[in-house]
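Enquirer: Next comes the structure file coords12.pdb, holding PDB, C-alpha atoms and all ligand atoms.
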```pdb
ATOM      1  CA  MET C 256      16.434 -16.348  35.623
ATOM      2  CA  MET C 257      17.614 -13.080  34.163
ATOM      3  CA  ALA C 258      15.867 -10.015  35.542
ATOM      4  CA  THR C 259      14.993  -7.547  32.828
ATOM      5  CA  GLY C 260      12.897  -4.446  32.749
ATOM      6  CA  THR C 261      15.656  -2.335  34.290
ATOM      7  CA  HIS C 262      15.241   0.316  31.601
ATOM      8  CA  LYS C 263      11.571   1.130  31.690
ATOM      9  CA  SER C 264       9.905   2.287  28.517
ATOM     10  CA  THR C 265       7.358   5.054  28.499
ATOM     11  CA  SER C 266       4.580   6.090  26.156
ATOM     12  CA  LYS C 267       7.082   8.364  24.387
ATOM     13  CA  ASP C 268       9.128   5.415  23.075
ATOM     14  CA  THR C 269       8.503   4.142  19.566
ATOM     15  CA  LEU C 270       7.774   0.502  18.845
ATOM     16  CA  ARG C 271      11.120   0.230  17.054
ATOM     17  CA  GLN C 272      13.008   1.577  20.103
ATOM     18  CA  VAL C 273      11.225  -0.830  22.432
ATOM     19  CA  LEU C 274      11.957  -3.809  20.167
ATOM     20  CA  ALA C 275      15.626  -2.852  19.905
ATOM     21  CA  ARG C 276      15.926  -2.499  23.673
ATOM     22  CA  LEU C 277      14.194  -5.818  24.346
ATOM     23  CA  GLU C 278      16.451  -7.532  21.809
ATOM     24  CA  ARG C 279      19.534  -6.203  23.613
ATOM     25  CA  GLU C 280      18.103  -7.495  26.894
ATOM     26  CA  GLY C 281      17.288 -10.917  25.446
ATOM     27  CA  ALA C 282      13.550 -10.362  25.834
ATOM     28  CA  GLY C 283      10.508 -10.481  23.548
ATOM     29  CA  LEU C 284       7.410  -8.330  23.088
ATOM     30  CA  GLY C 285       3.994  -9.933  23.625
ATOM     31  CA  HIS C 286       1.309  -9.346  20.966
ATOM     32  CA  PHE C 287      -2.270  -9.958  22.125
ATOM     33  CA  ASN C 288      -5.361  -9.775  19.956
ATOM     34  CA  VAL C 289      -8.485  -7.927  20.975
ATOM     35  CA  ALA C 290     -11.952  -8.092  19.456
ATOM     36  CA  ASP C 291     -13.875  -6.113  22.024
ATOM     37  CA  HIS C 292     -13.481  -3.773  24.955
ATOM     38  CA  VAL C 293     -13.334  -6.615  27.507
ATOM     39  CA  LEU C 294     -10.216  -8.037  25.845
ATOM     40  CA  LEU C 295      -8.688  -4.583  25.439
ATOM     41  CA  LYS C 296      -9.250  -3.790  29.135
ATOM     42  CA  ALA C 297      -7.627  -7.110  30.074
ATOM     43  CA  VAL C 298      -4.493  -6.487  27.981
ATOM     44  CA  VAL C 299      -4.113  -2.908  29.222
ATOM     45  CA  ALA C 300      -4.612  -4.021  32.846
ATOM     46  CA  ALA C 301      -1.883  -6.661  32.429
ATOM     47  CA  ALA C 302       0.474  -4.025  31.007
ATOM     48  CA  ALA C 303      -0.357  -1.707  33.925
ATOM     49  CA  ASP C 304       0.219  -4.488  36.497
ATOM     50  CA  THR C 305       3.576  -5.503  35.067
ATOM     51  CA  LYS C 306       4.678  -2.092  33.730
ATOM     52  CA  LEU C 307       5.850  -3.960  30.632
ATOM     53  CA  PRO C 308       5.429  -2.824  27.019
ATOM     54  CA  VAL C 309       2.689  -4.536  25.066
ATOM     55  CA  LEU C 310       1.584  -4.812  21.446
ATOM     56  CA  ILE C 311      -2.158  -4.964  20.926
ATOM     57  CA  GLY C 312      -3.271  -6.676  17.726
ATOM     58  CA  ALA C 313      -6.466  -6.762  15.723
ATOM     59  CA  SER C 314      -6.958  -8.845  12.591
ATOM     60  CA  GLU C 315      -9.245  -7.695   9.770
ATOM     61  CA  GLY C 316     -12.197  -9.487  11.379
ATOM     62  CA  GLU C 317     -11.428  -8.085  14.827
ATOM     63  CA  ARG C 318     -10.983  -4.584  13.363
ATOM     64  CA  GLU C 319     -14.268  -4.821  11.531
ATOM     65  CA  PHE C 320     -16.084  -5.756  14.748
ATOM     66  CA  PHE C 321     -14.352  -3.117  16.882
ATOM     67  CA  GLY C 322     -14.080  -0.310  14.337
ATOM     68  CA  VAL C 323     -10.628   0.666  13.028
ATOM     69  CA  ARG C 324     -10.786   4.283  14.164
ATOM     70  CA  GLN C 325     -12.609   3.452  17.407
ATOM     71  CA  LEU C 326      -9.947   0.919  18.442
ATOM     72  CA  THR C 327      -7.165   3.358  17.559
ATOM     73  CA  ALA C 328      -8.783   6.084  19.661
ATOM     74  CA  LEU C 329      -9.212   3.793  22.678
ATOM     75  CA  VAL C 330      -5.616   2.528  22.540
ATOM     76  CA  LYS C 331      -4.323   6.096  22.196
ATOM     77  CA  SER C 332      -6.343   7.165  25.208
ATOM     78  CA  GLU C 333      -5.109   4.197  27.297
ATOM     79  CA  ARG C 334      -1.535   4.958  26.286
ATOM     80  CA  GLU C 335      -1.808   8.623  27.233
ATOM     81  CA  GLU C 336      -3.507   7.981  30.547
ATOM     82  CA  SER C 337      -1.178   5.170  31.659
ATOM     83  CA  ASP C 338       2.056   6.561  30.145
ATOM     84  CA  LEU C 339       2.858   2.942  29.221
ATOM     85  CA  PRO C 340       4.349   1.805  25.906
ATOM     86  CA  ILE C 341       1.150   0.337  24.455
ATOM     87  CA  PHE C 342       1.291  -0.196  20.687
ATOM     88  CA  LEU C 343      -1.238  -1.238  18.067
ATOM     89  CA  ASN C 344      -0.762  -3.675  15.160
ATOM     90  CA  ALA C 345      -3.063  -4.345  12.213
ATOM     91  CA  ASP C 346      -2.725  -8.138  12.322
ATOM     92  CA  HIS C 347      -3.095 -10.303   9.182
ATOM     93  CA  THR C 348      -3.911  -7.647   6.617
ATOM     94  CA  HIS C 349      -4.722  -9.196   3.261
ATOM     95  CA  SER C 350      -5.176  -6.147   1.036
ATOM     96  CA  LEU C 351      -3.492  -2.849   0.202
ATOM     97  CA  ALA C 352      -6.703  -0.959   1.020
ATOM     98  CA  LYS C 353      -6.974  -2.425   4.562
ATOM     99  CA  ALA C 354      -3.274  -1.698   5.225
ATOM    100  CA  ILE C 355      -3.714   1.929   4.115
ATOM    101  CA  GLU C 356      -6.836   2.254   6.268
ATOM    102  CA  ALA C 357      -4.911   1.073   9.366
ATOM    103  CA  ALA C 358      -1.888   3.293   8.647
ATOM    104  CA  LYS C 359      -4.121   6.335   8.195
ATOM    105  CA  ALA C 360      -5.995   5.574  11.416
ATOM    106  CA  GLY C 361      -2.681   5.651  13.332
ATOM    107  CA  PHE C 362      -1.664   2.000  13.839
ATOM    108  CA  ASP C 363       2.000   1.567  14.856
ATOM    109  CA  ALA C 364       2.503  -1.572  12.769
ATOM    110  CA  VAL C 365       0.897  -3.639  10.019
ATOM    111  CA  THR C 366       1.214  -7.390   9.494
ATOM    112  CA  ILE C 367       1.041  -7.596   5.713
ATOM    113  CA  ASP C 368      -0.146 -11.105   4.896
ATOM    114  CA  PHE C 369       0.017 -12.324   1.314
ATOM    115  CA  SER C 370       1.564 -15.600   2.449
ATOM    116  CA  GLY C 371      -1.248 -17.566   0.776
ATOM    117  CA  LEU C 372       0.031 -16.438  -2.649
ATOM    118  CA  PRO C 373       2.971 -17.890  -4.600
ATOM    119  CA  PHE C 374       6.338 -16.494  -3.396
ATOM    120  CA  GLU C 375       6.878 -14.014  -6.285
ATOM    121  CA  GLU C 376       3.382 -12.604  -5.922
ATOM    122  CA  ASN C 377       3.784 -12.394  -2.142
ATOM    123  CA  VAL C 378       6.991 -10.382  -2.715
ATOM    124  CA  ALA C 379       5.361  -7.988  -5.208
ATOM    125  CA  ARG C 380       2.239  -7.263  -3.188
ATOM    126  CA  THR C 381       4.092  -6.999   0.125
ATOM    127  CA  LYS C 382       6.590  -4.539  -1.387
ATOM    128  CA  GLU C 383       3.795  -2.387  -2.810
ATOM    129  CA  THR C 384       2.043  -2.339   0.589
ATOM    130  CA  VAL C 385       5.244  -1.511   2.513
ATOM    131  CA  GLN C 386       5.824   1.516   0.270
ATOM    132  CA  ALA C 387       2.223   2.686   0.590
ATOM    133  CA  ILE C 388       2.049   2.556   4.395
ATOM    134  CA  LYS C 389       5.512   4.122   4.834
ATOM    135  CA  ALA C 390       4.408   6.997   2.599
ATOM    136  CA  ILE C 391       1.613   7.614   5.137
ATOM    137  CA  ASN C 392       3.787   7.100   8.241
ATOM    138  CA  PRO C 393       7.567   6.605   7.751
ATOM    139  CA  ALA C 394       7.891   5.286  11.333
ATOM    140  CA  ILE C 395       5.332   2.515  10.865
ATOM    141  CA  LEU C 396       6.619  -1.033  11.326
ATOM    142  CA  ALA C 397       5.922  -3.231   8.290
ATOM    143  CA  GLU C 398       5.799  -6.985   8.814
ATOM    144  CA  GLY C 399       5.753  -9.564   6.014
ATOM    145  CA  GLU C 400       4.893 -13.267   6.118
ATOM    146  CA  ILE C 401       6.266 -16.337   4.398
ATOM    147  CA  GLY C 402       5.261 -19.978   4.685
ATOM    148  CA  ASP C 403       2.098 -21.706   5.831
ATOM    149  CA  ILE C 404       1.109 -21.816   9.507
ATOM    150  CA  GLY C 405      -2.628 -22.284   8.964
ATOM    151  CA  THR C 406      -5.338 -19.707   9.586
ATOM    152  CA  GLY C 407      -7.737 -18.839  12.410
ATOM    153  CA  SER C 408      -7.023 -18.588  16.149
ATOM    154  CA  GLU C 409      -9.487 -21.312  17.044
ATOM    155  CA  ILE C 410      -9.699 -24.761  18.611
ATOM    156  CA  LYS C 411      -8.824 -27.306  15.942
ATOM    157  CA  GLU C 412      -9.160 -31.042  15.359
ATOM    158  CA  THR C 413      -5.917 -31.457  13.416
ATOM    159  CA  ALA C 414      -2.637 -29.586  13.035
ATOM    160  CA  GLN C 415      -2.270 -27.167  10.105
ATOM    161  CA  GLY C 416       0.679 -25.802   8.173
ATOM    162  CA  GLY C 417       3.826 -27.792   7.667
ATOM    163  CA  GLN C 418       6.596 -26.635   5.335
ATOM    164  CA  LEU C 419       9.149 -24.596   7.309
ATOM    165  CA  SER C 420      10.527 -21.340   5.879
ATOM    166  CA  THR C 421      14.118 -21.545   4.653
ATOM    167  CA  PRO C 422      16.861 -19.031   5.509
ATOM    168  CA  GLU C 423      17.378 -18.376   1.782
ATOM    169  CA  GLU C 424      13.741 -17.431   1.093
ATOM    170  CA  ALA C 425      13.746 -15.316   4.273
ATOM    171  CA  ARG C 426      16.793 -13.377   3.026
ATOM    172  CA  GLN C 427      15.331 -12.929  -0.458
ATOM    173  CA  PHE C 428      11.964 -11.838   0.884
ATOM    174  CA  VAL C 429      13.412  -9.221   3.255
ATOM    175  CA  GLU C 430      15.743  -7.790   0.598
ATOM    176  CA  ALA C 431      13.057  -7.605  -2.067
ATOM    177  CA  THR C 432      10.243  -6.147   0.065
ATOM    178  CA  GLY C 433      11.904  -3.725   2.522
ATOM    179  CA  ILE C 434       9.963  -5.106   5.504
ATOM    180  CA  ASP C 435      11.070  -4.307   9.072
ATOM    181  CA  ASN C 436      10.135  -7.644  10.557
ATOM    182  CA  LEU C 437       9.509 -11.094   9.205
ATOM    183  CA  ALA C 438       7.012 -13.748  10.289
ATOM    184  CA  PRO C 439       8.374 -17.159   9.242
ATOM    185  CA  ALA C 440       6.995 -20.689   9.607
ATOM    186  CA  VAL C 441       9.210 -22.371  12.226
ATOM    187  CA  GLY C 442       6.969 -25.049  13.713
ATOM    188  CA  ASN C 443       4.363 -22.559  14.919
ATOM    189  CA  MET C 444       0.666 -22.825  14.005
ATOM    190  CA  HIS C 445      -2.421 -20.648  14.352
ATOM    191  CA  GLY C 446      -5.009 -21.965  16.798
ATOM    192  CA  MET C 447      -4.760 -24.753  19.351
ATOM    193  CA  LEU C 448      -5.581 -28.447  19.323
ATOM    194  CA  LYS C 449      -8.047 -29.672  21.982
ATOM    195  CA  SER C 450      -5.197 -31.509  23.710
ATOM    196  CA  MET C 451      -3.342 -28.175  23.988
ATOM    197  CA  VAL C 452      -6.368 -26.413  25.502
ATOM    198  CA  GLN C 453      -6.514 -29.250  28.070
ATOM    199  CA  GLY C 454      -2.803 -28.754  28.757
ATOM    200  CA  LYS C 455      -1.958 -32.302  27.618
ATOM    201  CA  ALA C 456       0.151 -31.239  24.628
ATOM    202  CA  LYS C 457       2.424 -28.315  23.740
ATOM    203  CA  LYS C 458       3.700 -26.831  20.507
ATOM    204  CA  HIS C 459       7.426 -27.165  19.854
ATOM    205  CA  LEU C 460       9.438 -24.835  17.659
ATOM    206  CA  ASP C 461      12.401 -25.475  15.370
ATOM    207  CA  LEU C 462      14.909 -23.408  17.336
ATOM    208  CA  GLU C 463      17.811 -24.062  15.020
ATOM    209  CA  ARG C 464      15.750 -22.874  12.058
ATOM    210  CA  ILE C 465      14.842 -19.681  13.917
ATOM    211  CA  ALA C 466      18.546 -18.931  14.497
ATOM    212  CA  GLN C 467      19.374 -19.633  10.827
ATOM    213  CA  ILE C 468      16.531 -17.405   9.591
ATOM    214  CA  LYS C 469      17.553 -14.610  11.978
ATOM    215  CA  GLN C 470      21.090 -14.773  10.653
ATOM    216  CA  ALA C 471      19.932 -14.703   7.011
ATOM    217  CA  ALA C 472      17.118 -12.151   7.354
ATOM    218  CA  GLY C 473      18.834  -9.672   9.694
ATOM    219  CA  VAL C 474      15.524  -8.089  10.794
ATOM    220  CA  PHE C 475      13.112  -8.407  13.709
ATOM    221  CA  LEU C 476      11.294 -11.757  13.724
ATOM    222  CA  THR C 477       7.680 -12.365  14.710
ATOM    223  CA  LEU C 478       6.271 -15.661  15.921
ATOM    224  CA  HIS C 479       2.604 -16.083  15.051
ATOM    225  CA  GLY C 480       0.380 -18.753  16.585
ATOM    226  CA  GLY C 481       2.207 -18.806  19.916
ATOM    227  CA  SER C 482      -0.749 -20.109  21.968
ATOM    228  CA  GLY C 483      -0.062 -23.509  23.519
ATOM    229  CA  THR C 484       3.708 -23.343  23.021
ATOM    230  CA  ASP C 485       5.977 -24.894  25.624
ATOM    231  CA  ASP C 486       7.344 -22.193  27.991
ATOM    232  CA  GLU C 487      10.936 -23.324  27.611
ATOM    233  CA  HIS C 488      10.605 -23.185  23.814
ATOM    234  CA  PHE C 489       9.407 -19.586  24.077
ATOM    235  CA  ARG C 490      12.500 -18.634  26.077
ATOM    236  CA  LYS C 491      14.787 -20.413  23.643
ATOM    237  CA  ALA C 492      12.982 -18.957  20.606
ATOM    238  CA  ILE C 493      13.557 -15.449  21.963
ATOM    239  CA  ALA C 494      17.224 -16.276  22.547
ATOM    240  CA  ALA C 495      17.407 -17.565  18.955
ATOM    241  CA  GLY C 496      16.074 -14.290  17.529
ATOM    242  CA  ILE C 497      12.295 -13.986  17.948
ATOM    243  CA  ASN C 498      11.251 -10.417  18.857
ATOM    244  CA  ILE C 499       7.432 -10.431  18.831
ATOM    245  CA  ILE C 500       5.183 -13.291  19.962
ATOM    246  CA  HIS C 501       1.510 -13.492  19.032
ATOM    247  CA  ILE C 502      -0.932 -14.968  21.539
ATOM    248  CA  ASN C 503      -4.607 -15.024  20.626
ATOM    249  CA  THR C 504      -6.296 -18.413  21.142
ATOM    250  CA  GLU C 505      -5.228 -18.612  24.811
ATOM    251  CA  LEU C 506      -7.028 -15.306  25.429
ATOM    252  CA  ARG C 507     -10.104 -16.471  23.547
ATOM    253  CA  VAL C 508     -10.237 -19.713  25.534
ATOM    254  CA  ALA C 509      -9.954 -17.796  28.833
ATOM    255  CA  TRP C 510     -12.599 -15.317  27.613
ATOM    256  CA  ARG C 511     -15.049 -18.066  26.678
ATOM    257  CA  GLU C 512     -14.503 -20.239  29.754
ATOM    258  CA  SER C 513     -14.793 -17.365  32.217
ATOM    259  CA  LEU C 514     -17.826 -15.931  30.424
ATOM    260  CA  ASP C 515     -19.568 -19.333  30.610
ATOM    261  CA  LYS C 516     -18.762 -19.522  34.330
ATOM    262  CA  SER C 517     -19.843 -15.963  35.002
ATOM    263  CA  LEU C 518     -23.172 -16.421  33.227
ATOM    264  CA  ALA C 519     -23.804 -19.723  35.019
ATOM    265  CA  ARG C 520     -23.216 -18.155  38.446
ATOM    266  CA  ASP C 521     -26.588 -16.394  38.526
ATOM    267  CA  SER C 522     -29.154 -16.711  35.764
ATOM    268  CA  ASN C 523     -30.933 -13.572  37.041
ATOM    269  CA  GLU C 524     -27.852 -11.382  36.780
ATOM    270  CA  VAL C 525     -28.303  -8.853  33.965
ATOM    271  CA  VAL C 526     -25.756  -6.173  34.895
ATOM    272  CA  PRO C 527     -23.114  -6.357  32.137
ATOM    273  CA  TYR C 528     -20.184  -5.056  34.175
ATOM    274  CA  LYS C 529     -20.900  -7.567  36.942
ATOM    275  CA  ILE C 530     -20.933 -10.413  34.432
ATOM    276  CA  LEU C 531     -17.910  -9.156  32.494
ATOM    277  CA  ARG C 532     -15.576  -8.070  35.304
ATOM    278  CA  PRO C 533     -14.431 -11.660  36.074
ATOM    279  CA  VAL C 534     -13.875 -12.181  32.340
ATOM    280  CA  VAL C 535     -11.519  -9.196  32.193
ATOM    281  CA  ASP C 536      -9.680 -10.615  35.184
ATOM    282  CA  SER C 537      -9.297 -14.110  33.709
ATOM    283  CA  VAL C 538      -7.941 -12.831  30.409
ATOM    284  CA  LYS C 539      -5.651 -10.413  32.266
ATOM    285  CA  GLN C 540      -4.052 -13.318  34.138
ATOM    286  CA  VAL C 541      -3.213 -15.087  30.863
ATOM    287  CA  VAL C 542      -1.691 -11.932  29.379
ATOM    288  CA  ARG C 543       0.257 -11.134  32.541
ATOM    289  CA  ALA C 544       1.820 -14.598  32.718
ATOM    290  CA  ARG C 545       2.849 -14.438  29.056
ATOM    291  CA  LEU C 546       4.267 -10.909  29.357
ATOM    292  CA  ARG C 547       6.361 -11.982  32.328
ATOM    293  CA  LEU C 548       7.578 -15.094  30.574
ATOM    294  CA  PHE C 549       8.621 -13.198  27.425
ATOM    295  CA  GLN C 550      10.419 -10.582  29.474
ATOM    296  CA  SER C 551      11.649 -12.970  32.164
ATOM    297  CA  VAL C 552      10.691 -10.717  35.021
ATOM    298  CA  SER C 553      10.187 -13.383  37.630
ATOM    299  CA  SER C 554      10.347 -17.097  37.022
ATOM    300  CA  ASP C 555       8.036 -17.953  39.925
ATOM    301  CA  ALA C 556       5.315 -15.687  38.552
ATOM    302  CA  VAL C 557       5.423 -17.476  35.218
ATOM    303  CA  GLY C 558       2.892 -20.063  34.219
ATOM    304  CA  THR C 559       0.060 -20.565  31.804
ATOM    305  CA  VAL C 560      -3.351 -19.711  33.129
ATOM    306  CA  ALA C 561      -5.996 -20.987  30.771
TER     307      ALA C 561
HETATM  308 ZN    ZN T 601      -1.062 -14.679  13.160
END
```
Hey, can you dump this file as structure tokens for me?
Ligand SMILES: [Zn+2]
Expert:
Amino acid sequence: MMATGTHKSTSKDTLRQVLARLEREGAGLGHFNVADHVLLKAVVAAAADTKLPVLIGASEGEREFFGVRQLTALVKSEREESDLPIFLNADHTHSLAKAIEAAKAGFDAVTIDFSGLPFEENVARTKETVQAIKAINPAILAEGEIGDIGTGSEIKETAQGGQLSTPEEARQFVEATGIDNLAPAVGNMHGMLKSMVQGKAKKHLDLERIAQIKQAAGVFLTLHGGSGTDDEHFRKAIAAGINIIHINTELRVAWRESLDKSLARDSNEVVPYKILRPVVDSVKQVVRARLRLFQSVSSDAVGTVA
């Protein structure tokens, strides 16, 4: 197992610099969604434990619940206090207005998602959004999406998505939109099947397709819907050109299971921080294992905790 993390990043590094360094080292950046302060504390604690860079994500729904400016302020304060490279991404942003709101609030990156529209329309609206957010912050990282990988980081009955992205549409999309990183459909899927939550099944990625798309697109690549993916496939996907990996459902499952357990422990317990502390710890363990896997720090420390 290759040991990385020899060149530590600090809070002064930009997201682009961290991604470029990780790519040189053959490593990937973990992206973890947060919807509340418990999840945020868990992700930050995992970053502090491992001293590894981390990308915190919040979708439109998560941002609405947390507060766009409130989340930005908390992440900024964590970053300053810890001196760790902690970044913030506006995940799955479906309108120009929401992308502008996130850029103005100080997000480091925006996942522009018009992938539900026909290709030409996706190109036009993504391009318009890239220009708008870069006018607000030229250093912001703009991500675009092509293909169908389903929606919602939830537990599902049946698999969603299907059609894989082609290298040719990846190349066209990047050239026409000016995005910095591309999220293609390469066998990944949002959410997890019940069998995956139980650990009986794993997602498998089309590694050859990832390599072809990387070659054609020539930009950073993001893998959405990483929860439940086979560990070895993650390592190979990073080697094939994936730079950012999104994990959400695994955190939500850990959050729910540990909250159930914590509440069941004592029905008279009403002190929130006593109930929630074990939840932070459970989610932290999931994040820590994924961070270490993506950055190959120590093979024996790697493993899914869910
Ligand atoms: Zn996603």
Enquirer: For the PyMOL selection byres (((not hetatm)) within 12 of (chain T and resi 601)), applied here, can you spell out every residue it catches as a ChimeraX atom specification?
Expert: /C:286-288,312-315,344-349,365-368,370,398-409,437-440,443-446,477-482,499-504
Enquirer: Can you spit out the residues from that selection as a CSV table (one decimal), keeping the file's coordinate frame, using C-alpha atoms?
Expert:
```csv
chain,number,residue,atom,x,y,z
C,286,HIS,CA,1.3,-9.3,21.0
C,287,PHE,CA,-2.3,-10.0,22.1
C,288,ASN,CA,-5.4,-9.8,20.0
C,312,GLY,CA,-3.3,-6.7,17.7
C,313,ALA,CA,-6.5,-6.8,15.7
C,314,SER,CA,-7.0,-8.8,12.6
C,315,GLU,CA,-9.2,-7.7,9.8
C,344,ASN,CA,-0.8,-3.7,15.2
C,345,ALA,CA,-3.1,-4.3,12.2
C,346,ASP,CA,-2.7,-8.1,12.3
C,347,HIS,CA,-3.1,-10.3,9.2
C,348,THR,CA,-3.9,-7.6,6.6
C,349,HIS,CA,-4.7,-9.2,3.3
C,365,VAL,CA,0.9,-3.6,10.0
C,366,THR,CA,1.2,-7.4,9.5
C,367,ILE,CA,1.0,-7.6,5.7
C,368,ASP,CA,-0.1,-11.1,4.9
C,370,SER,CA,1.6,-15.6,2.4
C,398,GLU,CA,5.8,-7.0,8.8
C,399,GLY,CA,5.8,-9.6,6.0
C,400,GLU,CA,4.9,-13.3,6.1
C,401,ILE,CA,6.3,-16.3,4.4
C,402,GLY,CA,5.3,-20.0,4.7
C,403,ASP,CA,2.1,-21.7,5.8
C,404,ILE,CA,1.1,-21.8,9.5
C,405,GLY,CA,-2.6,-22.3,9.0
C,406,THR,CA,-5.3,-19.7,9.6
C,407,GLY,CA,-7.7,-18.8,12.4
C,408,SER,CA,-7.0,-18.6,16.1
C,409,GLU,CA,-9.5,-21.3,17.0
C,437,LEU,CA,9.5,-11.1,9.2
C,438,ALA,CA,7.0,-13.7,10.3
C,439,PRO,CA,8.4,-17.2,9.2
C,440,ALA,CA,7.0,-20.7,9.6
C,443,ASN,CA,4.4,-22.6,14.9
C,444,MET,CA,0.7,-22.8,14.0
C,445,HIS,CA,-2.4,-20.6,14.4
C,446,GLY,CA,-5.0,-22.0,16.8
C,477,THR,CA,7.7,-12.4,14.7
C,478,LEU,CA,6.3,-15.7,15.9
C,479,HIS,CA,2.6,-16.1,15.1
C,480,GLY,CA,0.4,-18.8,16.6
C,481,GLY,CA,2.2,-18.8,19.9
C,482,SER,CA,-0.7,-20.1,22.0
C,499,ILE,CA,7.4,-10.4,18.8
C,500,ILE,CA,5.2,-13.3,20.0
C,501,HIS,CA,1.5,-13.5,19.0
C,502,ILE,CA,-0.9,-15.0,21.5
C,503,ASN,CA,-4.6,-15.0,20.6
C,504,THR,CA,-6.3,-18.4,21.1
```
Enquirer: Care to translate the PyMOL selection byres (((chain C and resi 541) around 12) and not hetatm) into actual residues of this file, as JSON, numbers by chain?
Expert: {"C": [285, 287, 294, 297, 298, 300, 301, 302, 482, 483, 502, 503, 504, 505, 506, 507, 508, 509, 510, 513, 534, 535, 536, 537, 538, 539, 540, 542, 543, 544, 545, 546, 547, 548, 556, 557, 558, 559, 560, 561]}
Enquirer: Considering all atoms listed in the file, return as a PyMOL selection string whatever protein or nucleic-acid residues lie within 7 Å of stretch 276-282 of chain C, sequence-local ones (same chain, fewer than 5 positions apart) excluded.
Expert: chain C and resi 259+493-494+498+549-550
Enquirer: Starting from the displayed file, determine the output of the PyMOL selection byres (((chain C and resi 465) around 12) and not hetatm) and express the residue list as a PDB file with C-alpha atoms, keeping the file's coordinate frame.
Expert:
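Full text of out20.pdb as output:
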```
ATOM      1  CA  LEU C 419       9.149 -24.596   7.309  1.00  0.00           C
ATOM      2  CA  SER C 420      10.527 -21.340   5.879  1.00  0.00           C
ATOM      3  CA  THR C 421      14.118 -21.545   4.653  1.00  0.00           C
ATOM      4  CA  PRO C 422      16.861 -19.031   5.509  1.00  0.00           C
ATOM      5  CA  ALA C 425      13.746 -15.316   4.273  1.00  0.00           C
ATOM      6  CA  LEU C 437       9.509 -11.094   9.205  1.00  0.00           C
ATOM      7  CA  ALA C 438       7.012 -13.748  10.289  1.00  0.00           C
ATOM      8  CA  PRO C 439       8.374 -17.159   9.242  1.00  0.00           C
ATOM      9  CA  ALA C 440       6.995 -20.689   9.607  1.00  0.00           C
ATOM     10  CA  VAL C 441       9.210 -22.371  12.226  1.00  0.00           C
ATOM     11  CA  GLY C 442       6.969 -25.049  13.713  1.00  0.00           C
ATOM     12  CA  ASN C 443       4.363 -22.559  14.919  1.00  0.00           C
ATOM     13  CA  LEU C 460       9.438 -24.835  17.659  1.00  0.00           C
ATOM     14  CA  ASP C 461      12.401 -25.475  15.370  1.00  0.00           C
ATOM     15  CA  LEU C 462      14.909 -23.408  17.336  1.00  0.00           C
ATOM     16  CA  GLU C 463      17.811 -24.062  15.020  1.00  0.00           C
ATOM     17  CA  ARG C 464      15.750 -22.874  12.058  1.00  0.00           C
ATOM     18  CA  ALA C 466      18.546 -18.931  14.497  1.00  0.00           C
ATOM     19  CA  GLN C 467      19.374 -19.633  10.827  1.00  0.00           C
ATOM     20  CA  ILE C 468      16.531 -17.405   9.591  1.00  0.00           C
ATOM     21  CA  LYS C 469      17.553 -14.610  11.978  1.00  0.00           C
ATOM     22  CA  GLN C 470      21.090 -14.773  10.653  1.00  0.00           C
ATOM     23  CA  ALA C 471      19.932 -14.703   7.011  1.00  0.00           C
ATOM     24  CA  ALA C 472      17.118 -12.151   7.354  1.00  0.00           C
ATOM     25  CA  GLY C 473      18.834  -9.672   9.694  1.00  0.00           C
ATOM     26  CA  PHE C 475      13.112  -8.407  13.709  1.00  0.00           C
ATOM     27  CA  LEU C 476      11.294 -11.757  13.724  1.00  0.00           C
ATOM     28  CA  THR C 477       7.680 -12.365  14.710  1.00  0.00           C
ATOM     29  CA  LEU C 478       6.271 -15.661  15.921  1.00  0.00           C
ATOM     30  CA  HIS C 488      10.605 -23.185  23.814  1.00  0.00           C
ATOM     31  CA  PHE C 489       9.407 -19.586  24.077  1.00  0.00           C
ATOM     32  CA  LYS C 491      14.787 -20.413  23.643  1.00  0.00           C
ATOM     33  CA  ALA C 492      12.982 -18.957  20.606  1.00  0.00           C
ATOM     34  CA  ILE C 493      13.557 -15.449  21.963  1.00  0.00           C
ATOM     35  CA  ALA C 494      17.224 -16.276  22.547  1.00  0.00           C
ATOM     36  CA  ALA C 495      17.407 -17.565  18.955  1.00  0.00           C
ATOM     37  CA  GLY C 496      16.074 -14.290  17.529  1.00  0.00           C
ATOM     38  CA  ILE C 497      12.295 -13.986  17.948  1.00  0.00           C
ATOM     39  CA  ASN C 498      11.251 -10.417  18.857  1.00  0.00           C
TER      40      ASN C 498
END
```
Enquirer: What is the distance between atom CA of C:Asp338 and atom CA of C:Val474, in Å to one decimal?
Expert: 27.8 Å
Enquirer: For C:Ala357, find every residue with an atom within 9 Å (counting all atoms listed in the file), except residues of its own chain fewer than 5 positions away, and show them as a compact mmCIF listing (two decimals) with C-alpha atoms, in the coordinates of the input.
Expert:
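result_7.txt, written as the output of this step:
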```
# COMPACT_ATOMS: atom_id res chain seq x y z
CA VAL C 323 -10.63 0.67 13.03
CA ARG C 324 -10.79 4.28 14.16
CA THR C 327 -7.16 3.36 17.56
CA ASN C 344 -0.76 -3.68 15.16
CA ALA C 345 -3.06 -4.34 12.21
CA ALA C 352 -6.70 -0.96 1.02
CA PHE C 362 -1.66 2.00 13.84
CA ASP C 363 2.00 1.57 14.86
CA ALA C 364 2.50 -1.57 12.77
CA VAL C 365 0.90 -3.64 10.02
CA ILE C 388 2.05 2.56 4.39
```
Enquirer: Pick the closest to C:Arg520 from C:Pro533, C:Gly283, C:Glu335, C:Glu487: which is it, counting only C-alpha atoms?
Expert: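 Closest residue, counting only C-alpha atoms: C:Pro533.
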Enquirer: One number please: atom CA of C:Leu351 to atom CA of C:Val385, in Å, one decimal.
Expert: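 Taking atom CA of C:Leu351 as the start and atom CA of C:Val385 as the end point, the length is 9.1 Å.
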